[in-house]
Amino acid sequence: MEPNGGNRAVLSHCLQINMEETHKVVVPPRRTTLEKLSAKLKEMFFPDDPLRQFKGQPLKNKLVLAAQYFFPILQWGPNYNLSLLKSDIVSGLTIASLAIPQGISYAKLASLPPIVGLYSSFVPPLVYAVLGSSRDLAVGPVSIASLVLGSMLRQEVSPASDPVLFLELAFTSTFFAGLFQASLGILRLGFIIDFLSKAILIGFMAGAAIIVSLQQLKGLLGITHFTTKMGLIPVMTSVFHNTHEWSWQTIVMGFCFLVLLLLARHVSMRKPKLFWVSAGAPLVSVIISTLLVFAIKAQHHGISVIGKLQEGLNPPSWNMLRFNGTHLGLVIKTGLITGVLSLTEGIAVGRTFAALKSYKVDGNKEMMAIGFMNVVGSFTSCYVTTGAFSRSAVNNNAGAKTAVSNIVMSMTVMVTLLFLMPLFQYTPNVVLGAIIVTAVIGLIDIPAAYYIWKLDKYDFIVMLTAFFGVIFISVQEGLALAVGLSILKILLQVTRPKTVMLGNIPGTDIYRNVDHYEEAVKLPGLLILSIEAPINFANITYLNERILRWIEEYEEEDNIKKSSRLQYVILEMSAVSSVDTSGVSLFRELKQAMKNKGVEIVLVNPLAEVMEKLKKADEGNDLMRADNLFLTVGEAVASLSSVTKGQASNMEEGAQEIPHF
C-alpha cells in the first residue's frame, strides 16, 4: 500500500481522467413475465437453439430436416460412396476382432452368460448406426457398466443359484437405463451427468479398473470358491484363504497370455500405426488358447473353459422384463447408476474423437441414441452398452469414416453367432480374465491425476475419494461420496461467493483486486468492492456480514492512520448475474446499515435482471437514484469526486485530514 500522499495523487489523476460526460445506466426494455420465462427456459434447455435450422424453410424442407435430426444416417447416407465403404469395412472388421472376445469377457464380468455379451455386440451397434451422431464411436459392452450391473444385482440375487431371475433383472435394469438415458435427451436434461466431473471420473475409473482386475484373480489363479464382494480387502482375503485351490496350469497359461496382451498393447501405444497389433491380440489369444486346450485336453487338467454356447441370433426378451415384485427398486437403481455411467463414458468418448476430427457431436442426440439403443437391447437379450474408449480408439486408428463401421462389426458378430459358436466351447476362462485386465489397465490415467494435483487440490481430494471409495467400500458408495464432495464444493461457492476490494492502477482508469495487484491503491473516502456471484437466499447472510466487516476494517484503519472518513461504498456488480427476493432485501439492509454510519451505497453496472428487480423493490427511490448508478467504477469515482470538489482542493493543498476526499 502506498503512503497517503500517493493515494491523493492517484485520486487527483482520477479526477482529471474522468472529467468527460458520465454515461447513464438505463433501465432494461420492458418484457412480460411470459417473455422472461420463455427466454430463461430456452437458455436453460435449448442453448444450442436446435430449431434455428427450420426458420424460413418450406414445409417439405422442414420435414426432411426433422427426419435428419432424429435419424442422422439420413444426413450422411445419401452422400455415402465406395471409398468410404472400404475404410469402414477395414475398421469394422478390426473392431469386431476386439469386440468378440471383449463381449464374452465383459458378460462374465457382469455374471451373465457369455453369449449375452455377443448379443450385446450385435443389435445395439445397428441401432446406434441409425440414431447416433458420432462417426468414431464403437458400441458394445464396457467394463465399468458390466462391473456395476453385476455387483449391484448380486446384492439380492445369486447368478449361480437363480440364473434365470438374474438374467431377467439384468434385462430390466438395461431397460430402465435406456429409458433414463433417452429421457435425458428428449427433455434436454443432459446437465445432470455433468455432476460427474473429470476428477470424479478419473478417480472412479482407476478404482474400478483395480477392482475389475482383482476380480479376475479368480480366473487367473483357477479359484473355484471366490467372494462375491467387490472391496479390496474381501477379494485379497478370499485369494489367500483359498491358496489350496490355486492351479499352476491356469497360472502359467494366464501369465503367458497376459504378458502377450500387455506387450501388444505396449507396441501399439509406442507406435500408433501398429494399432492392429493390440486390436487383434485378444482374438489371437482366444484362438491360440482354444486350440491349445483342445489339443492337450487341458479342461481335464484344472483349466476351466467356457463350455458350449448357444447358436443363433438374439432371442426376444421383452417377456423377461420384470416391472413388479420385490426387486423393482433394485433394477431401477441399477438402471439409473449404470445408465449415468455408460452415458457419461459414451458422450465423453464421442466428443473426444469429434474434437480430433473437427466435427460436432450433439450431446442430446447421443443421449437419445444410446438410450433407445439400450431400450431395444433390453428387448433382444442385450445388457447395458455404450461407446467404449478402447474400441473407439481402434475404430478411429483403423480409419473409420462413418457409423457404417458399427454395422460391419455387427454383421461380423452375426456371422459368429450363426456359424462359429462351437469354436468357443474350449476357450479357457483364464484368457478372458487376461483380456479384461489388459483392457481396464488403460482406465488408470496417472498423468491426468498428476495434472489435477497441480491444478486444483480440492479436485484432487475428490478424485482420491472416488478412487479409495471404490476400492475399499463399493463401486456405488465410492461414486456417491465423490459426487457428494463435488456438490459440497458447488454449495460452498454458492453460499460463500467471492468478494474482493478494488484499487486503482496508478496512471490508469482501471480498478483491480488489491490482493492480486500490488500496485493497486485504495482511494481515500471510498471503499470499492466487487461481488463476483449471483445474490440469493443462500448467500445474503454471508454477503451482509462480509461487506459490513469490510467497512469496519476500513474504519479501524482510518482511526489508526487518521486518514479521510469513509463516505461511499461502491459495489461493482458486473458479475452478479441474478438476484432473488432475499437478495433484494440484502440491499435494503445494507442501505439502512450504511445510513446509520453516514455512508452512501453506490451501484456499478447492475445487469438487466438485477436492475429490474431492484427498481421494482425501490418504492422510496432512495437506492436506484440516478446519482447512485454508474456504468464503470472509473465514472463512479469521477462523479462522486466532482460532488466534493471543494474538499478535494483542500486535500491537494496539504490538509492532513480529508473529510470529503
# chains A, B, ... in the order shown; residues from 1 in each chain; ligands from 1
call {"tool": "residues_around", "arguments": {"residues": "A:His301", "least_positions_apart": "3", "cutoff": "10 Å", "atoms": "only C-alpha atoms", "output": "list in words"}}
result
Ser247, Trp248, Gln249, Thr250, Val293, Ile296, Lys297, Ala298 and Ser304 of chain A
call {"tool": "select_by_dssp", "arguments": {"residues": "stretch 402-609 of chain A", "states": "alpha helix (DSSP H)", "output": "PyMOL selection string"}}
result
chain A and resi 404-415+429-441+446-455+457-472+475-495+540-561+581-596+608-609
call {"tool": "residues_around", "arguments": {"residues": "stretch 179-183 of chain A", "least_positions_apart": "6", "cutoff": "7 Å", "atoms": "only C-alpha atoms", "output": "list in words"}}
result
Leu336, Gly339, Leu343, Met367, Met368, Ile370, Gly371, Phe372 and Val375 of chain A
call {"tool": "write_last_selection", "arguments": {"atoms": "all heavy atoms", "output": "compact mmCIF listing (two decimals), in the first residue's frame"}}
result
# COMPACT_ATOMS: atom_id res chain seq x y z
N LEU A 336 -30.45 -46.71 -13.22
CA LEU A 336 -30.07 -45.30 -13.14
C LEU A 336 -28.55 -45.15 -13.06
O LEU A 336 -27.95 -44.34 -13.78
CB LEU A 336 -30.73 -44.64 -11.93
CG LEU A 336 -32.24 -44.42 -12.01
CD1 LEU A 336 -32.75 -43.79 -10.72
CD2 LEU A 336 -32.61 -43.55 -13.19
N GLY A 339 -26.88 -46.42 -16.18
CA GLY A 339 -27.26 -45.52 -17.26
C GLY A 339 -26.42 -44.25 -17.26
O GLY A 339 -25.93 -43.81 -18.30
N LEU A 343 -23.63 -43.52 -20.08
CA LEU A 343 -23.91 -42.32 -20.87
C LEU A 343 -22.74 -41.35 -20.80
O LEU A 343 -22.32 -40.78 -21.82
CB LEU A 343 -25.18 -41.65 -20.35
CG LEU A 343 -25.80 -40.55 -21.22
CD1 LEU A 343 -26.19 -41.11 -22.57
CD2 LEU A 343 -27.01 -39.95 -20.52
N MET A 367 -27.59 -38.90 -26.24
CA MET A 367 -28.37 -39.45 -25.13
C MET A 367 -29.56 -40.25 -25.65
O MET A 367 -29.85 -41.35 -25.16
CB MET A 367 -28.85 -38.31 -24.22
CG MET A 367 -27.75 -37.61 -23.46
SD MET A 367 -28.41 -36.26 -22.48
CE MET A 367 -26.91 -35.30 -22.23
N MET A 368 -30.25 -39.68 -26.64
CA MET A 368 -31.40 -40.39 -27.20
C MET A 368 -30.95 -41.66 -27.92
O MET A 368 -31.59 -42.72 -27.79
CB MET A 368 -32.17 -39.47 -28.15
CG MET A 368 -32.92 -38.35 -27.45
SD MET A 368 -34.02 -37.41 -28.55
CE MET A 368 -32.84 -36.44 -29.47
N ILE A 370 -28.15 -43.53 -27.46
CA ILE A 370 -27.70 -44.55 -26.51
C ILE A 370 -28.87 -45.08 -25.71
O ILE A 370 -28.96 -46.28 -25.41
CB ILE A 370 -26.61 -43.96 -25.59
CG1 ILE A 370 -25.35 -43.63 -26.41
CG2 ILE A 370 -26.25 -44.94 -24.48
CD1 ILE A 370 -24.27 -42.90 -25.63
N GLY A 371 -29.82 -44.19 -25.37
CA GLY A 371 -30.99 -44.62 -24.61
C GLY A 371 -31.87 -45.58 -25.39
O GLY A 371 -32.21 -46.67 -24.90
N PHE A 372 -32.25 -45.21 -26.62
CA PHE A 372 -33.08 -46.10 -27.43
C PHE A 372 -32.33 -47.39 -27.77
O PHE A 372 -32.95 -48.46 -27.88
CB PHE A 372 -33.52 -45.38 -28.71
CG PHE A 372 -34.57 -44.34 -28.48
CD1 PHE A 372 -34.39 -43.03 -28.91
CD2 PHE A 372 -35.76 -44.65 -27.82
CE1 PHE A 372 -35.34 -42.06 -28.69
CE2 PHE A 372 -36.73 -43.69 -27.59
CZ PHE A 372 -36.52 -42.38 -28.03
N VAL A 375 -32.84 -49.53 -24.76
CA VAL A 375 -34.23 -50.00 -24.66
C VAL A 375 -34.47 -51.14 -25.65
O VAL A 375 -35.03 -52.19 -25.29
CB VAL A 375 -35.21 -48.84 -24.92
CG1 VAL A 375 -36.64 -49.37 -25.08
CG2 VAL A 375 -35.16 -47.83 -23.78
call {"tool": "closest_atom_pairs", "arguments": {"of": "stretch 251-355 of chain A", "to": "stretch 402-426 of chain A", "cutoff": "7 Å", "atoms": "only C-alpha atoms", "output": "tab-separated table"}}
result
residue	atom	partner	partner_atom	distance
A:Thr290	CA	A:Tyr426	CA	5.3
A:Val293	CA	A:Tyr426	CA	6.3
A:Phe294	CA	A:Tyr426	CA	6.2
A:Val305	CA	A:Tyr426	CA	5.5
A:Ile306	CA	A:Gln425	CA	5.9
A:Gly307	CA	A:Gln425	CA	4.5
A:Lys308	CA	A:Gln425	CA	4.7
A:Leu309	CA	A:Met421	CA	6.1
A:Glu311	CA	A:Leu417	CA	5.7
A:Gly312	CA	A:Leu418	CA	4.8
A:Leu313	CA	A:Leu417	CA	6.1
call {"tool": "residues_around", "arguments": {"residues": "A:Gly231", "least_positions_apart": "3", "cutoff": "8 Å", "atoms": "only C-alpha atoms", "output": "list in words"}}
result
Ile211, Pro234, Val235, Val470, Ile471, Phe472, Ile473 and Ser474 of chain A
call {"tool": "write_last_selection", "arguments": {"atoms": "N, CA, C and O atoms", "output": "compact mmCIF listing (two decimals), in the first residue's frame"}}
result
# COMPACT_ATOMS: atom_id res chain seq x y z
N ILE A 211 -10.45 -52.81 -9.15
CA ILE A 211 -11.43 -53.80 -8.67
C ILE A 211 -11.71 -54.85 -9.74
O ILE A 211 -11.77 -56.07 -9.45
N PRO A 234 -11.91 -57.84 1.05
CA PRO A 234 -12.57 -59.14 0.88
C PRO A 234 -11.98 -59.96 -0.26
O PRO A 234 -11.84 -61.18 -0.14
N VAL A 235 -11.61 -59.30 -1.36
CA VAL A 235 -11.05 -60.03 -2.51
C VAL A 235 -9.71 -60.64 -2.16
O VAL A 235 -9.46 -61.83 -2.42
N VAL A 470 -14.19 -46.51 -4.08
CA VAL A 470 -14.48 -47.67 -4.92
C VAL A 470 -13.69 -48.89 -4.45
O VAL A 470 -14.22 -50.01 -4.39
N ILE A 471 -12.43 -48.68 -4.09
CA ILE A 471 -11.57 -49.80 -3.72
C ILE A 471 -11.95 -50.40 -2.37
O ILE A 471 -12.04 -51.63 -2.22
N PHE A 472 -12.20 -49.55 -1.38
CA PHE A 472 -12.37 -50.05 -0.01
C PHE A 472 -13.83 -50.17 0.43
O PHE A 472 -14.12 -50.88 1.39
N ILE A 473 -14.74 -49.48 -0.23
CA ILE A 473 -16.16 -49.57 0.19
C ILE A 473 -16.95 -50.34 -0.87
O ILE A 473 -17.18 -51.53 -0.72
N SER A 474 -17.36 -49.65 -1.90
CA SER A 474 -18.03 -50.31 -3.03
C SER A 474 -18.06 -49.33 -4.19
O SER A 474 -17.78 -48.14 -4.03
call {"tool": "atom_distance", "arguments": {"atom1": "atom CA of A:Thr465", "atom2": "atom CA of A:Gly203"}}
result
7.5 Å
call {"tool": "closest_residue", "arguments": {"among": "A:Leu631, A:Ile287, A:Leu464, A:Val569", "to": "A:Gly478", "atoms": "only C-alpha atoms"}}
result
A:Leu464
call {"tool": "closest_residue", "arguments": {"among": "A:Trp276, A:Ala388, A:Gln155, A:Pro282", "to": "A:Lys229", "atoms": "only C-alpha atoms"}}
result
A:Gln155
call {"tool": "closest_residue", "arguments": {"among": "A:Ser161, A:Ser486, A:Thr224, A:Ser268", "to": "A:Ala466", "atoms": "only C-alpha atoms"}}
result
A:Ser486
call {"tool": "closest_residue", "arguments": {"among": "A:Val494, A:Val212, A:Ile251, A:Leu137", "to": "A:Arg391", "atoms": "only C-alpha atoms"}}
result
A:Leu137
call {"tool": "atom_distance", "arguments": {"atom1": "atom CA of A:Asn628", "atom2": "atom CA of A:Pro606"}}
result
11.3 Å
call {"tool": "atom_distance", "arguments": {"atom1": "atom CA of A:Gly598", "atom2": "atom CA of A:Ile570"}}
result
14.2 Å
call {"tool": "residues_around", "arguments": {"residues": "A:Leu321", "least_positions_apart": "4", "cutoff": "10 Å", "atoms": "only C-alpha atoms", "output": "PyMOL selection string"}}
result
chain A and resi 165+167-175+317+378-379
call {"tool": "residues_around", "arguments": {"residues": "A:Ser585", "least_positions_apart": "2", "cutoff": "10 Å", "atoms": "only C-alpha atoms", "output": "list in words"}}
result
Asn536, Phe537, Ile540, Val579, Asp580, Thr581, Ser582, Gly583, Phe587, Arg588, Glu589, Leu590, Lys591, Leu614 and Ala617 of chain A
call {"tool": "write_last_selection", "arguments": {"atoms": "C-alpha atoms", "output": "short mmCIF file (atom, residue, chain, number, x, y, z; two decimals), in the first residue's frame"}}
result
data_model
loop_
_atom_site.label_atom_id
_atom_site.label_comp_id
_atom_site.auth_asym_id
_atom_site.auth_seq_id
_atom_site.Cartn_x
_atom_site.Cartn_y
_atom_site.Cartn_z
CA ASN A 536 -29.65 -15.29 -3.47
CA PHE A 537 -31.11 -16.62 -0.24
CA ILE A 540 -27.16 -12.98 1.65
CA VAL A 579 -30.79 -11.73 -7.63
CA ASP A 580 -33.80 -13.26 -5.89
CA THR A 581 -36.28 -11.81 -3.38
CA SER A 582 -33.94 -12.45 -0.47
CA GLY A 583 -31.12 -10.82 -2.41
CA PHE A 587 -29.59 -4.13 -0.44
CA ARG A 588 -32.26 -2.67 1.82
CA GLU A 589 -30.41 -3.89 4.92
CA LEU A 590 -27.07 -2.58 3.64
CA LYS A 591 -28.66 0.76 2.77
CA LEU A 614 -34.16 -3.59 -7.52
CA ALA A 617 -38.48 -3.02 -4.86
#
call {"tool": "select_by_dssp", "arguments": {"residues": "stretch 391-632 of chain A", "states": "strand (DSSP E or B)", "output": "PyMOL selection string"}}
result
chain A and resi 428+499-504+511-513+521+526-531+535+568-572+579+600-604+629-630
call {"tool": "closest_residue", "arguments": {"among": "A:Ile100, A:Val277, A:Ile223, A:Leu131", "to": "A:Pro72", "atoms": "only C-alpha atoms"}}
result
A:Leu131
call {"tool": "residues_around", "arguments": {"residues": "stretch 35-38 of chain A", "least_positions_apart": "5", "cutoff": "12 Å", "atoms": "only C-alpha atoms", "output": "JSON list (two decimals) with all heavy atoms, in the first residue's frame"}}
result
[["chain", "number", "residue", "atom", "x", "y", "z"],
["A", 29, "PRO", "N", -35.23, -2.89, -21.37],
["A", 29, "PRO", "CA", -36.54, -2.85, -22.04],
["A", 29, "PRO", "C", -37.57, -3.70, -21.29],
["A", 29, "PRO", "O", -37.24, -4.77, -20.77],
["A", 29, "PRO", "CB", -36.24, -3.43, -23.43],
["A", 29, "PRO", "CG", -34.76, -3.26, -23.61],
["A", 29, "PRO", "CD", -34.16, -3.36, -22.26],
["A", 30, "ARG", "N", -38.77, -3.23, -21.25],
["A", 30, "ARG", "CA", -39.82, -3.93, -20.52],
["A", 30, "ARG", "C", -40.23, -5.20, -21.26],
["A", 30, "ARG", "O", -40.43, -5.18, -22.47],
["A", 30, "ARG", "CB", -41.03, -3.02, -20.35],
["A", 30, "ARG", "CG", -42.17, -3.65, -19.54],
["A", 30, "ARG", "CD", -43.29, -2.66, -19.29],
["A", 30, "ARG", "NE", -44.38, -3.28, -18.59],
["A", 30, "ARG", "CZ", -44.42, -3.49, -17.27],
["A", 30, "ARG", "NH1", -43.38, -3.09, -16.53],
["A", 30, "ARG", "NH2", -45.45, -4.06, -16.70],
["A", 43, "GLU", "N", -32.86, -20.67, -22.77],
["A", 43, "GLU", "CA", -31.43, -20.67, -22.46],
["A", 43, "GLU", "C", -31.05, -21.89, -21.62],
["A", 43, "GLU", "O", -29.94, -22.40, -21.73],
["A", 43, "GLU", "CB", -31.07, -19.38, -21.70],
["A", 43, "GLU", "CG", -29.59, -19.12, -21.59],
["A", 43, "GLU", "CD", -28.92, -18.95, -22.94],
["A", 43, "GLU", "OE1", -29.57, -18.45, -23.88],
["A", 43, "GLU", "OE2", -27.74, -19.34, -23.06],
["A", 44, "MET", "N", -31.99, -22.37, -20.79],
["A", 44, "MET", "CA", -31.70, -23.50, -19.91],
["A", 44, "MET", "C", -31.71, -24.82, -20.67],
["A", 44, "MET", "O", -30.81, -25.65, -20.51],
["A", 44, "MET", "CB", -32.73, -23.54, -18.77],
["A", 44, "MET", "CG", -32.48, -24.64, -17.74],
["A", 44, "MET", "SD", -33.75, -24.66, -16.44],
["A", 44, "MET", "CE", -33.53, -23.04, -15.72],
["A", 45, "PHE", "N", -32.73, -25.02, -21.50],
["A", 45, "PHE", "CA", -32.91, -26.32, -22.14],
["A", 45, "PHE", "C", -32.50, -26.34, -23.62],
["A", 45, "PHE", "O", -32.27, -27.42, -24.17],
["A", 45, "PHE", "CB", -34.37, -26.77, -22.03],
["A", 45, "PHE", "CG", -34.82, -27.00, -20.61],
["A", 45, "PHE", "CD1", -35.71, -26.13, -20.00],
["A", 45, "PHE", "CD2", -34.34, -28.06, -19.88],
["A", 45, "PHE", "CE1", -36.13, -26.33, -18.70],
["A", 45, "PHE", "CE2", -34.74, -28.27, -18.57],
["A", 45, "PHE", "CZ", -35.64, -27.40, -17.98],
["A", 46, "PHE", "N", -32.42, -25.17, -24.26],
["A", 46, "PHE", "CA", -32.09, -25.14, -25.69],
["A", 46, "PHE", "C", -30.97, -24.13, -25.96],
["A", 46, "PHE", "O", -31.14, -23.22, -26.79],
["A", 46, "PHE", "CB", -33.32, -24.78, -26.52],
["A", 46, "PHE", "CG", -34.47, -25.73, -26.35],
["A", 46, "PHE", "CD1", -35.48, -25.46, -25.44],
["A", 46, "PHE", "CD2", -34.54, -26.90, -27.09],
["A", 46, "PHE", "CE1", -36.54, -26.34, -25.27],
["A", 46, "PHE", "CE2", -35.60, -27.78, -26.93],
["A", 46, "PHE", "CZ", -36.59, -27.50, -26.02],
["A", 608, "ALA", "N", -29.29, -6.44, -16.26],
["A", 608, "ALA", "CA", -30.70, -6.15, -16.54],
["A", 608, "ALA", "C", -31.64, -6.75, -15.49],
["A", 608, "ALA", "O", -32.48, -6.05, -14.92],
["A", 608, "ALA", "CB", -31.06, -6.66, -17.93],
["A", 609, "GLU", "N", -31.51, -8.06, -15.23],
["A", 609, "GLU", "CA", -32.42, -8.71, -14.29],
["A", 609, "GLU", "C", -32.29, -8.12, -12.89],
["A", 609, "GLU", "O", -33.28, -7.89, -12.20],
["A", 609, "GLU", "CB", -32.13, -10.22, -14.26],
["A", 609, "GLU", "CG", -33.02, -10.98, -13.28],
["A", 609, "GLU", "CD", -32.68, -12.46, -13.19],
["A", 609, "GLU", "OE1", -32.10, -12.98, -14.16],
["A", 609, "GLU", "OE2", -32.98, -13.06, -12.15],
["A", 612, "GLU", "N", -33.76, -4.54, -12.80],
["A", 612, "GLU", "CA", -35.22, -4.55, -12.90],
["A", 612, "GLU", "C", -35.86, -4.87, -11.56],
["A", 612, "GLU", "O", -36.81, -4.22, -11.13],
["A", 612, "GLU", "CB", -35.63, -5.57, -13.96],
["A", 612, "GLU", "CG", -37.10, -5.52, -14.31],
["A", 612, "GLU", "CD", -37.45, -6.47, -15.45],
["A", 612, "GLU", "OE1", -36.59, -7.29, -15.81],
["A", 612, "GLU", "OE2", -38.56, -6.39, -15.96]]
call {"tool": "closest_residue", "arguments": {"among": "A:Pro50, A:Ala199, A:Asn79, A:Thr380", "to": "A:Trp453", "atoms": "only C-alpha atoms"}}
result
A:Ala199
